[in-house]
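Enquirer: Here you go, input_17.cif (mmCIF, C-alpha atoms; chains and numbers go by the auth columns):
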data_structure
#
loop_
_atom_site.group_PDB
_atom_site.id
_atom_site.type_symbol
_atom_site.label_atom_id
_atom_site.label_comp_id
_atom_site.label_asym_id
_atom_site.label_seq_id
_atom_site.Cartn_x
_atom_site.Cartn_y
_atom_site.Cartn_z
_atom_site.B_iso_or_equiv
_atom_site.auth_seq_id
_atom_site.auth_asym_id
ATOM 1 C CA MET A 1 8.332 1.269 25.696 0.00 1 U
ATOM 2 C CA ILE A 2 9.320 4.823 26.604 0.00 2 U
ATOM 3 C CA GLU A 3 11.213 5.162 23.304 0.00 3 U
ATOM 4 C CA GLU A 4 8.103 4.215 21.340 0.00 4 U
ATOM 5 C CA SER A 5 5.986 6.850 23.039 0.00 5 U
ATOM 6 C CA VAL A 6 8.670 9.500 22.455 0.00 6 U
ATOM 7 C CA SER A 7 8.944 8.582 18.785 0.00 7 U
ATOM 8 C CA GLU A 8 5.161 8.511 18.452 0.00 8 U
ATOM 9 C CA SER A 9 4.796 11.966 19.999 0.00 9 U
ATOM 10 C CA LEU A 10 7.622 13.247 17.794 0.00 10 U
ATOM 11 C CA MET A 11 5.893 11.880 14.684 0.00 11 U
ATOM 12 C CA GLU A 12 2.586 13.441 15.754 0.00 12 U
ATOM 13 C CA SER A 13 4.166 16.857 16.232 0.00 13 U
ATOM 14 C CA VAL A 14 6.019 16.629 12.908 0.00 14 U
ATOM 15 C CA THR A 15 2.778 15.633 11.187 0.00 15 U
ATOM 16 C CA ARG A 16 0.956 18.611 12.723 0.00 16 U
ATOM 17 C CA VAL A 17 3.704 21.018 11.624 0.00 17 U
ATOM 18 C CA MET A 18 3.768 19.597 8.077 0.00 18 U
ATOM 19 C CA PHE A 19 -0.018 19.851 7.808 0.00 19 U
ATOM 20 C CA ARG A 20 0.074 23.498 8.894 0.00 20 U
ATOM 21 C CA LEU A 21 2.801 24.230 6.344 0.00 21 U
ATOM 22 C CA VAL A 22 0.731 22.624 3.594 0.00 22 U
ATOM 23 C CA LEU A 23 -2.249 24.792 4.501 0.00 23 U
ATOM 24 C CA VAL A 24 -0.108 27.944 4.503 0.00 24 U
ATOM 25 C CA PHE A 25 1.395 27.273 1.058 0.00 25 U
ATOM 26 C CA GLU A 26 -1.723 25.747 -0.548 0.00 26 U
ATOM 27 C CA PRO A 27 -2.842 29.015 -2.234 0.00 27 U
ATOM 28 C CA LEU A 28 0.499 29.018 -4.104 0.00 28 U
ATOM 29 C CA ALA A 29 -0.185 25.592 -5.580 0.00 29 U
ATOM 30 C CA PRO A 30 -1.698 26.827 -8.886 0.00 30 U
ATOM 31 C CA THR A 31 1.551 28.612 -9.719 0.00 31 U
ATOM 32 C CA ALA A 32 3.576 25.505 -8.908 0.00 32 U
ATOM 33 C CA ILE A 33 1.224 23.268 -10.894 0.00 33 U
ATOM 34 C CA THR A 34 1.364 25.568 -13.926 0.00 34 U
ATOM 35 C CA PHE A 35 5.160 25.673 -13.712 0.00 35 U
ATOM 36 C CA TYR A 36 5.403 21.864 -13.560 0.00 36 U
ATOM 37 C CA VAL A 37 2.950 21.331 -16.431 0.00 37 U
ATOM 38 C CA ASN A 38 4.779 23.902 -18.578 0.00 38 U
ATOM 39 C CA GLN A 39 8.094 22.121 -17.948 0.00 39 U
ATOM 40 C CA ARG A 40 6.637 18.802 -19.046 0.00 40 U
ATOM 41 C CA LEU A 41 4.978 20.290 -22.123 0.00 41 U
ATOM 42 C CA HIS A 42 8.213 22.049 -23.073 0.00 42 U
ATOM 43 C CA ARG A 43 9.968 18.660 -23.118 0.00 43 U
ATOM 44 C CA TYR A 44 7.262 17.298 -25.437 0.00 44 U
ATOM 45 C CA LYS A 45 7.650 20.329 -27.706 0.00 45 U
ATOM 46 C CA GLU A 46 11.432 19.888 -27.883 0.00 46 U
ATOM 47 C CA SER A 47 11.029 16.213 -28.777 0.00 47 U
ATOM 48 C CA GLY A 48 8.540 17.084 -31.528 0.00 48 U
ATOM 49 C CA GLU A 49 5.544 15.356 -29.972 0.00 49 U
ATOM 50 C CA ILE A 50 3.597 18.644 -29.935 0.00 50 U
ATOM 51 C CA CYS A 51 3.987 21.885 -31.904 0.00 51 U
ATOM 52 C CA GLY A 52 2.977 24.367 -29.214 0.00 52 U
ATOM 53 C CA TYR A 53 1.267 24.641 -25.877 0.00 53 U
ATOM 54 C CA LYS A 54 -0.254 26.909 -23.267 0.00 54 U
ATOM 55 C CA ALA A 55 -1.203 25.836 -19.742 0.00 55 U
ATOM 56 C CA HIS A 56 -3.089 27.593 -16.967 0.00 56 U
ATOM 57 C CA THR A 57 -4.203 26.479 -13.499 0.00 57 U
ATOM 58 C CA LYS A 58 -7.064 28.063 -11.585 0.00 58 U
ATOM 59 C CA ARG A 59 -7.786 27.476 -7.914 0.00 59 U
ATOM 60 C CA LEU A 60 -11.448 26.568 -7.464 0.00 60 U
ATOM 61 C CA GLY A 61 -11.292 25.976 -3.721 0.00 61 U
ATOM 62 C CA LYS A 62 -9.072 24.453 -1.103 0.00 62 U
ATOM 63 C CA PHE A 63 -7.222 21.559 -2.805 0.00 63 U
ATOM 64 C CA HIS A 64 -9.424 21.861 -5.930 0.00 64 U
ATOM 65 C CA TYR A 65 -7.922 23.119 -9.184 0.00 65 U
ATOM 66 C CA ARG A 66 -8.827 23.401 -12.852 0.00 66 U
ATOM 67 C CA ILE A 67 -5.922 22.825 -15.229 0.00 67 U
ATOM 68 C CA SER A 68 -6.462 23.908 -18.808 0.00 68 U
ATOM 69 C CA MET A 69 -4.026 23.069 -21.586 0.00 69 U
ATOM 70 C CA ASP A 70 -4.127 24.329 -25.133 0.00 70 U
ATOM 71 C CA LEU A 71 -2.049 22.081 -27.398 0.00 71 U
ATOM 72 C CA ASP A 72 -1.130 22.734 -31.027 0.00 72 U
ATOM 73 C CA LEU A 73 -0.915 19.387 -32.803 0.00 73 U
ATOM 74 C CA THR A 74 -0.604 18.083 -36.324 0.00 74 U
ATOM 75 C CA GLY A 75 -2.835 15.216 -37.454 0.00 75 U
ATOM 76 C CA LYS A 76 -0.180 12.570 -36.793 0.00 76 U
ATOM 77 C CA GLN A 77 0.634 14.051 -33.388 0.00 77 U
ATOM 78 C CA ALA A 78 -3.052 14.031 -32.435 0.00 78 U
ATOM 79 C CA ILE A 79 -3.482 10.397 -33.481 0.00 79 U
ATOM 80 C CA ARG A 80 -0.381 9.384 -31.531 0.00 80 U
ATOM 81 C CA LEU A 81 -1.537 11.316 -28.442 0.00 81 U
ATOM 82 C CA VAL A 82 -5.046 9.838 -28.508 0.00 82 U
ATOM 83 C CA GLY A 83 -3.560 6.385 -29.117 0.00 83 U
ATOM 84 C CA ASN A 84 -1.352 6.755 -26.038 0.00 84 U
ATOM 85 C CA ILE A 85 -4.243 7.959 -23.885 0.00 85 U
ATOM 86 C CA PHE A 86 -6.809 5.372 -25.061 0.00 86 U
ATOM 87 C CA PRO A 87 -4.835 2.357 -26.315 0.00 87 U
ATOM 88 C CA LYS A 88 -7.520 -0.272 -25.594 0.00 88 U
ATOM 89 C CA GLN A 89 -10.355 1.731 -27.093 0.00 89 U
ATOM 90 C CA LEU A 90 -8.475 2.434 -30.335 0.00 90 U
ATOM 91 C CA ARG A 91 -7.103 -1.081 -30.788 0.00 91 U
ATOM 92 C CA GLN A 92 -10.013 -1.995 -33.087 0.00 92 U
ATOM 93 C CA PHE A 93 -9.256 0.989 -35.360 0.00 93 U
ATOM 94 C CA ARG A 94 -5.491 0.354 -35.748 0.00 94 U
ATOM 95 C CA ARG A 95 -5.723 -0.507 -39.430 0.00 95 U
ATOM 96 C CA TRP A 96 -7.038 3.009 -40.197 0.00 96 U
ATOM 97 C CA PHE A 97 -4.476 4.848 -38.056 0.00 97 U
ATOM 98 C CA HIS A 98 -0.897 4.180 -39.094 0.00 98 U
ATOM 99 C CA ASP A 99 2.030 5.933 -37.405 0.00 99 U
#
Render the structure in this file as structure tokens.
Expert:
Amino acid sequence: MIEESVSESLMESVTRVMFRLVLVFEPLAPTAITFYVNQRLHRYKESGEICGYKAHTKRLGKFHYRISMDLDLTGKQAIRLVGNIFPKQLRQFRRWFHD
């Protein structure tokens, strides 16, 4: 029973420290988010799924962000992207959109 209380108090103190660290580094999150999104979009560009991209993240408030992405797409790339995002909605139009 003593071991449980020690482990519980240890977990509580670790949780408090982690929460404080998150609050300290939270203003840096837009930079990290933009970096991550740019990495992912670069992979899509290399594979030919998109032609070009530009991403930007703006901090609106604590833990609230606006991510804007500007994608350069051809017609086929746009149809494929929309088809991947909304597969159920576009199922009825499949005969008009061929890959």
Enquirer: Determine, counting only C-alpha atoms, which protein, DNA and RNA residues have an atom within 10 Å of an atom of Pro30 (chain U); residues of the same chain fewer than 6 positions away are not included. Present the result as a short mmCIF file (atom, residue, chain, number, x, y, z; two decimals) with C-alpha atoms, in the coordinates of the input.
Expert:
data_model
loop_
_atom_site.label_atom_id
_atom_site.label_comp_id
_atom_site.auth_asym_id
_atom_site.auth_seq_id
_atom_site.Cartn_x
_atom_site.Cartn_y
_atom_site.Cartn_z
CA TYR U 36 5.40 21.86 -13.56
CA HIS U 56 -3.09 27.59 -16.97
CA THR U 57 -4.20 26.48 -13.50
CA LYS U 58 -7.06 28.06 -11.58
CA ARG U 59 -7.79 27.48 -7.91
CA LEU U 60 -11.45 26.57 -7.46
CA PHE U 63 -7.22 21.56 -2.80
CA HIS U 64 -9.42 21.86 -5.93
CA TYR U 65 -7.92 23.12 -9.18
CA ARG U 66 -8.83 23.40 -12.85
CA ILE U 67 -5.92 22.82 -15.23
#
Enquirer: If we count all atoms listed in the file and set the cut-off at 12 Å, which residues sit around Arg40 (chain U), ignoring sequence neighbours fewer than 6 positions away in its own chain? Please answer as JSON, numbers by chain.
Expert: {"U": [33, 34, 46, 47, 49, 50, 53, 54, 55, 69]}
Enquirer: What is the distance between CA of Leu41 (chain U) and CA of Lys76 (chain U), in Å to one decimal?
Expert: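 About the pair CA of Leu41 (chain U) and CA of Lys76 (chain U): they are 17.4 Å apart.
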Enquirer: Draw an axis-aligned box tight on the listed atoms of region 13-27 of chain U, then pad every side by 4 Å and write out centre and edge lengths in Å to one decimal as AutoDock Vina command-line options.
Expert:
--center_x 1.6 --center_y 22.3 --center_z 7.0 --size_x 16.9 --size_y 21.4 --size_z 26.5
Enquirer: Just to confirm, what's the straight-line distance from CA of Gln39 (chain U) to CA of Phe19 (chain U) in Å (one decimal)?
Expert: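 Separation of CA of Gln39 (chain U) and CA of Phe19 (chain U): 27.1 Å.
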Enquirer: Report the distance between CA of Cys51 (chain U) and CA of Phe86 (chain U) in Å, rounded to one decimal place.
Expert: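 Atom-to-atom, CA of Cys51 (chain U) to CA of Phe86 (chain U), that is 20.9 Å.
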Enquirer: List the residues selected by the PyMOL selection byres ((chain U and resi 74) around 12) in the file shown, writing them as a PyMOL selection string.
Expert: chain U and resi 48-52+71-73+75-81
Enquirer: N, CA and C atoms are what I want for region 60-93 of chain U; can you complete it accordingly and write them as a PDB file, in the frame of the given file?
Expert:
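Listed below is the output, selection.pdb:
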ATOM      1  N   LEU U  60      -9.999  26.536  -7.632  1.00  0.00           N
ATOM      2  CA  LEU U  60     -11.448  26.568  -7.464  1.00  0.00           C
ATOM      3  C   LEU U  60     -11.848  26.629  -5.996  1.00  0.00           C
ATOM      4  N   GLY U  61     -11.043  26.034  -5.160  1.00  0.00           N
ATOM      5  CA  GLY U  61     -11.292  25.976  -3.721  1.00  0.00           C
ATOM      6  C   GLY U  61     -10.099  25.302  -3.080  1.00  0.00           C
ATOM      7  N   LYS U  62     -10.191  25.083  -1.798  1.00  0.00           N
ATOM      8  CA  LYS U  62      -9.072  24.453  -1.103  1.00  0.00           C
ATOM      9  C   LYS U  62      -8.838  23.052  -1.669  1.00  0.00           C
ATOM     10  N   PHE U  63      -7.655  22.828  -2.215  1.00  0.00           N
ATOM     11  CA  PHE U  63      -7.222  21.559  -2.805  1.00  0.00           C
ATOM     12  C   PHE U  63      -8.047  21.158  -4.036  1.00  0.00           C
ATOM     13  N   HIS U  64      -8.683  22.115  -4.700  1.00  0.00           N
ATOM     14  CA  HIS U  64      -9.424  21.861  -5.930  1.00  0.00           C
ATOM     15  C   HIS U  64      -8.943  22.841  -7.000  1.00  0.00           C
ATOM     16  N   TYR U  65      -8.508  22.294  -8.135  1.00  0.00           N
ATOM     17  CA  TYR U  65      -7.922  23.119  -9.184  1.00  0.00           C
ATOM     18  C   TYR U  65      -8.479  22.723 -10.542  1.00  0.00           C
ATOM     19  N   ARG U  66      -8.483  23.683 -11.457  1.00  0.00           N
ATOM     20  CA  ARG U  66      -8.827  23.401 -12.852  1.00  0.00           C
ATOM     21  C   ARG U  66      -7.573  23.698 -13.663  1.00  0.00           C
ATOM     22  N   ILE U  67      -7.105  22.686 -14.386  1.00  0.00           N
ATOM     23  CA  ILE U  67      -5.922  22.825 -15.229  1.00  0.00           C
ATOM     24  C   ILE U  67      -6.388  22.800 -16.670  1.00  0.00           C
ATOM     25  N   SER U  68      -6.093  23.869 -17.393  1.00  0.00           N
ATOM     26  CA  SER U  68      -6.462  23.908 -18.808  1.00  0.00           C
ATOM     27  C   SER U  68      -5.184  23.955 -19.639  1.00  0.00           C
ATOM     28  N   MET U  69      -5.167  23.135 -20.682  1.00  0.00           N
ATOM     29  CA  MET U  69      -4.026  23.069 -21.586  1.00  0.00           C
ATOM     30  C   MET U  69      -4.515  23.253 -23.007  1.00  0.00           C
ATOM     31  N   ASP U  70      -3.838  24.102 -23.726  1.00  0.00           N
ATOM     32  CA  ASP U  70      -4.127  24.329 -25.133  1.00  0.00           C
ATOM     33  C   ASP U  70      -2.926  23.797 -25.911  1.00  0.00           C
ATOM     34  N   LEU U  71      -3.135  22.718 -26.657  1.00  0.00           N
ATOM     35  CA  LEU U  71      -2.049  22.081 -27.398  1.00  0.00           C
ATOM     36  C   LEU U  71      -2.221  22.310 -28.893  1.00  0.00           C
ATOM     37  N   ASP U  72      -1.141  22.652 -29.566  1.00  0.00           N
ATOM     38  CA  ASP U  72      -1.130  22.734 -31.027  1.00  0.00           C
ATOM     39  C   ASP U  72      -0.534  21.438 -31.546  1.00  0.00           C
ATOM     40  N   LEU U  73      -1.336  20.694 -32.322  1.00  0.00           N
ATOM     41  CA  LEU U  73      -0.915  19.387 -32.803  1.00  0.00           C
ATOM     42  C   LEU U  73      -1.162  19.262 -34.292  1.00  0.00           C
ATOM     43  N   THR U  74      -0.321  18.476 -34.950  1.00  0.00           N
ATOM     44  CA  THR U  74      -0.604  18.083 -36.324  1.00  0.00           C
ATOM     45  C   THR U  74      -1.516  16.859 -36.269  1.00  0.00           C
ATOM     46  N   GLY U  75      -1.971  16.394 -37.419  1.00  0.00           N
ATOM     47  CA  GLY U  75      -2.835  15.216 -37.454  1.00  0.00           C
ATOM     48  C   GLY U  75      -2.156  13.984 -36.886  1.00  0.00           C
ATOM     49  N   LYS U  76      -0.909  13.748 -37.294  1.00  0.00           N
ATOM     50  CA  LYS U  76      -0.180  12.570 -36.793  1.00  0.00           C
ATOM     51  C   LYS U  76       0.071  12.667 -35.298  1.00  0.00           C
ATOM     52  N   GLN U  77       0.405  13.872 -34.821  1.00  0.00           N
ATOM     53  CA  GLN U  77       0.634  14.051 -33.388  1.00  0.00           C
ATOM     54  C   GLN U  77      -0.646  13.799 -32.602  1.00  0.00           C
ATOM     55  N   ALA U  78      -1.775  14.245 -33.125  1.00  0.00           N
ATOM     56  CA  ALA U  78      -3.052  14.031 -32.435  1.00  0.00           C
ATOM     57  C   ALA U  78      -3.393  12.548 -32.368  1.00  0.00           C
ATOM     58  N   ILE U  79      -3.192  11.836 -33.473  1.00  0.00           N
ATOM     59  CA  ILE U  79      -3.482  10.397 -33.481  1.00  0.00           C
ATOM     60  C   ILE U  79      -2.587   9.662 -32.496  1.00  0.00           C
ATOM     61  N   ARG U  80      -1.314  10.020 -32.460  1.00  0.00           N
ATOM     62  CA  ARG U  80      -0.381   9.384 -31.531  1.00  0.00           C
ATOM     63  C   ARG U  80      -0.771   9.683 -30.084  1.00  0.00           C
ATOM     64  N   LEU U  81      -1.147  10.939 -29.795  1.00  0.00           N
ATOM     65  CA  LEU U  81      -1.537  11.316 -28.442  1.00  0.00           C
ATOM     66  C   LEU U  81      -2.794  10.570 -28.001  1.00  0.00           C
ATOM     67  N   VAL U  82      -3.808  10.545 -28.852  1.00  0.00           N
ATOM     68  CA  VAL U  82      -5.046   9.838 -28.508  1.00  0.00           C
ATOM     69  C   VAL U  82      -4.777   8.342 -28.378  1.00  0.00           C
ATOM     70  N   GLY U  83      -3.916   7.797 -29.216  1.00  0.00           N
ATOM     71  CA  GLY U  83      -3.560   6.385 -29.117  1.00  0.00           C
ATOM     72  C   GLY U  83      -2.844   6.045 -27.826  1.00  0.00           C
ATOM     73  N   ASN U  84      -2.041   6.981 -27.311  1.00  0.00           N
ATOM     74  CA  ASN U  84      -1.352   6.755 -26.038  1.00  0.00           C
ATOM     75  C   ASN U  84      -2.298   6.888 -24.853  1.00  0.00           C
ATOM     76  N   ILE U  85      -3.301   7.757 -24.985  1.00  0.00           N
ATOM     77  CA  ILE U  85      -4.243   7.959 -23.885  1.00  0.00           C
ATOM     78  C   ILE U  85      -5.271   6.832 -23.820  1.00  0.00           C
ATOM     79  N   PHE U  86      -5.760   6.399 -24.998  1.00  0.00           N
ATOM     80  CA  PHE U  86      -6.809   5.372 -25.061  1.00  0.00           C
ATOM     81  C   PHE U  86      -6.358   4.177 -25.898  1.00  0.00           C
ATOM     82  N   PRO U  87      -5.335   3.447 -25.475  1.00  0.00           N
ATOM     83  CA  PRO U  87      -4.835   2.357 -26.315  1.00  0.00           C
ATOM     84  C   PRO U  87      -5.832   1.218 -26.507  1.00  0.00           C
ATOM     85  N   LYS U  88      -6.580   0.846 -25.477  1.00  0.00           N
ATOM     86  CA  LYS U  88      -7.520  -0.272 -25.594  1.00  0.00           C
ATOM     87  C   LYS U  88      -8.713   0.094 -26.471  1.00  0.00           C
ATOM     88  N   GLN U  89      -9.191   1.320 -26.331  1.00  0.00           N
ATOM     89  CA  GLN U  89     -10.355   1.731 -27.093  1.00  0.00           C
ATOM     90  C   GLN U  89     -10.046   1.847 -28.578  1.00  0.00           C
ATOM     91  N   LEU U  90      -8.834   2.229 -28.934  1.00  0.00           N
ATOM     92  CA  LEU U  90      -8.475   2.434 -30.335  1.00  0.00           C
ATOM     93  C   LEU U  90      -7.874   1.193 -30.998  1.00  0.00           C
ATOM     94  N   ARG U  91      -7.708   0.134 -30.238  1.00  0.00           N
ATOM     95  CA  ARG U  91      -7.103  -1.081 -30.788  1.00  0.00           C
ATOM     96  C   ARG U  91      -7.876  -1.603 -32.001  1.00  0.00           C
ATOM     97  N   GLN U  92      -9.196  -1.484 -31.982  1.00  0.00           N
ATOM     98  CA  GLN U  92     -10.013  -1.995 -33.087  1.00  0.00           C
ATOM     99  C   GLN U  92      -9.892  -1.134 -34.346  1.00  0.00           C
ATOM    100  N   PHE U  93      -9.386   0.098 -34.215  1.00  0.00           N
ATOM    101  CA  PHE U  93      -9.256   0.989 -35.360  1.00  0.00           C
ATOM    102  C   PHE U  93      -7.818   1.099 -35.857  1.00  0.00           C
TER     103      PHE U  93
END
